[in-house]
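Below is one structure, written out as structure tokens; the observations come after it.
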Amino acid sequence: MSDLPPFAKPATGQGPTAGGSVGPDAARGRADGPRAASDLTAVRLPWGVARGVDLGGVRVWRGLPYAAAPIGERRFQAPEPPEPWAGERDCSAFGATSPQLRLPGLRSPARRGREPRGSEDCLYLNVWSPGPGGPPRPVLVWIHGGGFVSGAGSSFDGARLAARGDVVVVTVNYRLGPWGHLDLAGRPGAGNLALLDQLAALRWVRAAAGAFGGDPGLVTVFGESAGAMYIGALLGAPDARGLFHRAVLQSGTAHHLRDQAGSERVRRRYLDLLDLPPARASTVELVRAAQELLAESVLPGAAVGLDPFAPSLDGAVLPVGPAGAVAAGSARDVPLLVTWCHDEAELFLTLAPDVLPVGLARRALATLGEARWQALLDLYTLTADDLAADDLAADDLAAGDPAAGRAALLTDAMFALPASRLADAAHAGGGRVWTLRFDPVAPGRAAMHGADLPLTWGRADETSQDPARRAAAHWQDALASFARSGDPSTRALPAWPRYDPDRRTALLLGATASAVEQPGGARHAAWTGLPLP
């Protein structure tokens, strides 16, 4: 699924030099935080000593390599353990991002005549911690979104969340686009290198969390959009078991992946566009072919589909579909928190109205057939009189507005219903799961795709007059509670029962918070037994 580049400041494409030996004075000179380096910023890891930056109450270590650089002989290969370094490693600067691709059809200026951003040497992560002293803290590992083709962990500042929740926050870069999703090496698992990178990062966290004051036995993965979809895939990956202990999926679930035949079609078309062996291609040439493939993907009848770069059922990393694995009990011991936003599709209708909504509607027509699709559209655009006659909730249905009805239908098909079905699967597999819908925090402000990101990373204050800051406080405290106990309930929230398929209770969080049964009402009921596009 396509989404905006991640929230907050732009990611840098430059990383620190590996293996450099610097002392406190050098570290202090390069630090961009408000305080100079202190003894608490130097931590001993299995690969060497890393010196971070004291931000005042929270310390940050940027640009830590969690795997060897995937260049040279390691290009297009599974990640290997990081190489040790001598002396102190200066961790005041972020590491490089993966090469960034541009999603087609976005209403924003293109980068013309410029080198692509990012580097193939991109396997870095960042750590924020109130520690390293004190009792071991929960660890939250963030998998960023970006439509599988853009974004970076370094676009998110974990300082506020770490301080408020007294938790360790880790954000991860991983390989994107063709580097992360196409088998360009001809080896098992090579078509899922993004997932293998994330597994490598989680192994790094297990080995290193204690040095930062984190508990390696209390790791929560959380992510938004494509990041949540990766987490959905990890729930079905045998090699992921035991590497994390809770999972938070924001606006994405476990349904978005390709079968082997679809992945092979994409790979072959990409190689046709590249027109030379991948090993001989430069980064610029690989980016060019990827952009051409993305442009093709939105054309009617495109064989590569809407999202050519996505996780795949490769028989190695993902031997079976994650949703089926969850229903069979793969997440029985991993509590889940699954969320979506009230107006998800409004973002795509605003940023790429001629591409993404059209393509998604086309895919829905192919999946459901014209009669079913039209019946759903009719339901979602009932008039006010129809609502009264059928005793349906006007809040749930777009009363007589075809455009709003279409947006609501796409929101449900793409996000709300996949969330509900993943919750059903987790419940069937004996797991514990909670669901939450992010609602508008102010009148006239839609809770579109990505509306949860400022609440996750922004300023939070439960006493503020700003409803967005109050909502952020509720959400960040729920995240911290979930990371600690496996239950997102807090004293400030209303009673929030665990999800079950009969009541389908979800917390609705916006300007206020309330727990509601069957929040999808008649429109969700109309999808019973229907496949999702």
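In the structure tokens, chains take the letters A, B, ... in the order shown, each chain's residues start at 1, and ligands count up from 1 in the order shown.
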
Checklist line | Residues within 8 Å of region 337-353 of chain A, only C-alpha atoms, excluding chain neighbours under 3 positions, as a count of residues only | finding: 39

Next item on the list: Can you pull out every residue within 12 Å of Val60 (chain A), counting only C-alpha atoms, but drop anything in the same chain fewer than 3 positions away, and send it as a VMD selection string?
Entry: chain A and resid 31 to 38 40 to 43 50 to 57 63 to 64 90 to 94 125 to 132 154 157 to 160 162 to 163 168 to 171 212

Check: A:Ala403, A:Leu140, A:Ala515, A:Ala471: which is nearest Arg246 (chain A), counting only C-alpha atoms?
Finding: A:Leu140

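Counting only C-alpha atoms, the residue from A:Tyr174, A:Trp204, A:Tyr380, A:Tyr499 that sits nearest to Asn192 (chain A) is A:Tyr174.
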
Note to self: Using only C-alpha atoms, can you tell me which of A:Asp354, A:Asp183, A:Asp39, A:Glu88 comes closest to Arg267 (chain A)?
What the structure shows: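 Ranking A:Asp354, A:Asp183, A:Asp39, A:Glu88 by distance to Arg267 (chain A), first place goes to A:Asp183.
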
I want to know what sits within 8 Å of Ala425 (chain A), based on only C-alpha atoms, with residues of the same chain fewer than 3 positions away left out; could you give that as an mmCIF file with N, CA and C atoms, in the first residue's frame?
data_model
loop_
_atom_site.group_PDB
_atom_site.id
_atom_site.type_symbol
_atom_site.label_atom_id
_atom_site.label_comp_id
_atom_site.auth_asym_id
_atom_site.auth_seq_id
_atom_site.Cartn_x
_atom_site.Cartn_y
_atom_site.Cartn_z
ATOM 1 N N ALA A 323 -1.648 -14.332 7.503
ATOM 2 C CA ALA A 323 -2.970 -14.344 8.144
ATOM 3 C C ALA A 323 -3.361 -15.764 8.529
ATOM 4 N N GLY A 324 -3.095 -16.722 7.642
ATOM 5 C CA GLY A 324 -3.370 -18.115 7.968
ATOM 6 C C GLY A 324 -2.511 -18.607 9.113
ATOM 7 N N VAL A 326 -1.326 -16.764 11.552
ATOM 8 C CA VAL A 326 -1.854 -16.172 12.783
ATOM 9 C C VAL A 326 -3.094 -16.929 13.246
ATOM 10 N N ALA A 327 -3.991 -17.261 12.320
ATOM 11 C CA ALA A 327 -5.193 -18.018 12.682
ATOM 12 C C ALA A 327 -4.846 -19.393 13.230
ATOM 13 N N ARG A 421 -10.210 -8.276 10.188
ATOM 14 C CA ARG A 421 -9.963 -9.675 9.848
ATOM 15 C C ARG A 421 -8.679 -10.212 10.473
ATOM 16 N N LEU A 422 -7.663 -9.362 10.617
ATOM 17 C CA LEU A 422 -6.484 -9.813 11.349
ATOM 18 C C LEU A 422 -6.835 -10.061 12.810
ATOM 19 N N ALA A 428 -8.966 -16.299 16.691
ATOM 20 C CA ALA A 428 -9.140 -17.717 16.352
ATOM 21 C C ALA A 428 -7.907 -18.533 16.719
ATOM 22 N N GLY A 429 -6.726 -17.908 16.651
ATOM 23 C CA GLY A 429 -5.490 -18.607 16.981
ATOM 24 C C GLY A 429 -5.169 -18.619 18.460
#

Next item on the list: Point out the residue among A:Ala200, A:Ala67, A:Ala208, A:Ala78 with the least atom-to-atom distance to Leu45 (chain A), counting only C-alpha atoms.
Entry: A:Ala208

Notebook entry, point to check: Distance CA of His181 (chain A)-CA of Arg265 (chain A), one decimal place?
Noted result: 12.5 Å

Next item on the list: Using only C-alpha atoms, pick whichever of A:Ala279, A:Ala413, A:Leu532, A:Leu294 has the shortest atom-to-atom distance to Gln77 (chain A).
Entry: A:Ala279

Notebook entry, point to check: Hey, what's within 7 Å of region 474-487 of chain A if we count only C-alpha atoms and toss same-chain stuff fewer than 2 positions away? As a list in words, please?
Noted result: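 The residues that qualify are Pro138, Leu161, Gly165, Thr220, Arg246, Pro335, Leu455, Thr456, Arg470, Ala471, Ala472, Ser489 and Thr490 of chain A.
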
Margin query: Env of Ala290 (chain A): 8 Å cut, atoms = only C-alpha atoms, seq-sep filter 2 positions within chain, self excluded. Answer as an MDAnalysis selection string.
Written below: chainID A and resid 101 177:178 270 286:288 292:294

Note to self: Just list as a list in words whatever in region 134-263 of chain A DSSP marks as strand (DSSP E or B).
What the structure shows: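 Residues meeting the strand (DSSP E or B) criterion: Arg137, Pro138, Val139, Leu140, Val141, Trp142, Ile143, Val168, Val169, Val170, Thr171, Val172, Gly214, Asp215, Pro216, Gly217, Leu218, Val219, Thr220, Val221, Phe222, Gly223, Glu224, Arg246, Ala247, Val248, Leu249, Gln250 and Arg258 of chain A.
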
Any chance you could export the current selection's C-alpha atoms as a short mmCIF file (atom, residue, chain, number, x, y, z; two decimals), in the first residue's frame?
data_model
loop_
_atom_site.label_atom_id
_atom_site.label_comp_id
_atom_site.auth_asym_id
_atom_site.auth_seq_id
_atom_site.Cartn_x
_atom_site.Cartn_y
_atom_site.Cartn_z
CA ARG A 137 12.98 -0.97 30.19
CA PRO A 138 10.64 -2.19 27.44
CA VAL A 139 12.06 -1.78 23.94
CA LEU A 140 9.92 -0.45 21.07
CA VAL A 141 11.29 -1.10 17.57
CA TRP A 142 9.79 1.08 14.82
CA ILE A 143 9.38 -0.20 11.25
CA VAL A 168 13.93 2.42 24.80
CA VAL A 169 12.96 3.40 21.24
CA VAL A 170 14.72 1.97 18.17
CA THR A 171 14.11 3.12 14.58
CA VAL A 172 15.41 1.07 11.68
CA GLY A 214 16.50 -2.12 27.56
CA ASP A 215 15.01 -5.53 28.31
CA PRO A 216 15.70 -7.93 25.39
CA GLY A 217 12.87 -10.11 26.68
CA LEU A 218 10.32 -7.29 26.34
CA VAL A 219 10.49 -6.12 22.73
CA THR A 220 7.52 -4.55 20.91
CA VAL A 221 7.55 -4.03 17.15
CA PHE A 222 5.37 -1.16 15.95
CA GLY A 223 4.95 0.37 12.53
CA GLU A 224 2.60 2.29 10.26
CA ARG A 246 4.14 -7.64 21.31
CA ALA A 247 3.16 -6.09 17.98
CA VAL A 248 1.40 -2.84 17.10
CA LEU A 249 0.09 -2.53 13.52
CA GLN A 250 -1.02 0.99 12.55
CA ARG A 258 2.60 -11.44 -3.46
#

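Interatomic distance, CA of Gln291 (chain A) to CA of Arg102 (chain A): 7.0 Å.
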
Margin query: Report, in Å with one decimal, the straight-line distance from CA of Gly48 (chain A) to CA of Ala86 (chain A).
Written below: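 A separation of 6.5 Å between them.
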
Item checked: Test item: residues at most 9 Å from Gly520 (chain A), only C-alpha atoms, excluding those fewer than 2 positions along its chain, as a ChimeraX atom specification -> /A:396,412,416-417,517-518,522-525

Margin query: Let me make sure I understand: among A:Ser155, A:Thr97, A:Ser312, A:Ser282, which one has the smallest atom-to-atom distance to Gly189 (chain A) if we use only C-alpha atoms?
Written below: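 Checking each of A:Ser155, A:Thr97, A:Ser312, A:Ser282 against Gly189 (chain A), counting only C-alpha atoms, the winner is A:Ser312.
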
Note to self: For the structure I just gave you, how does DSSP split region 15-256 of chain A - specifically, which residues are alpha helix (DSSP H)? Reply as an NGL selection string.
What the structure shows: :A and (24-30 or 159-165 or 177-181 or 193-208 or 226-234)
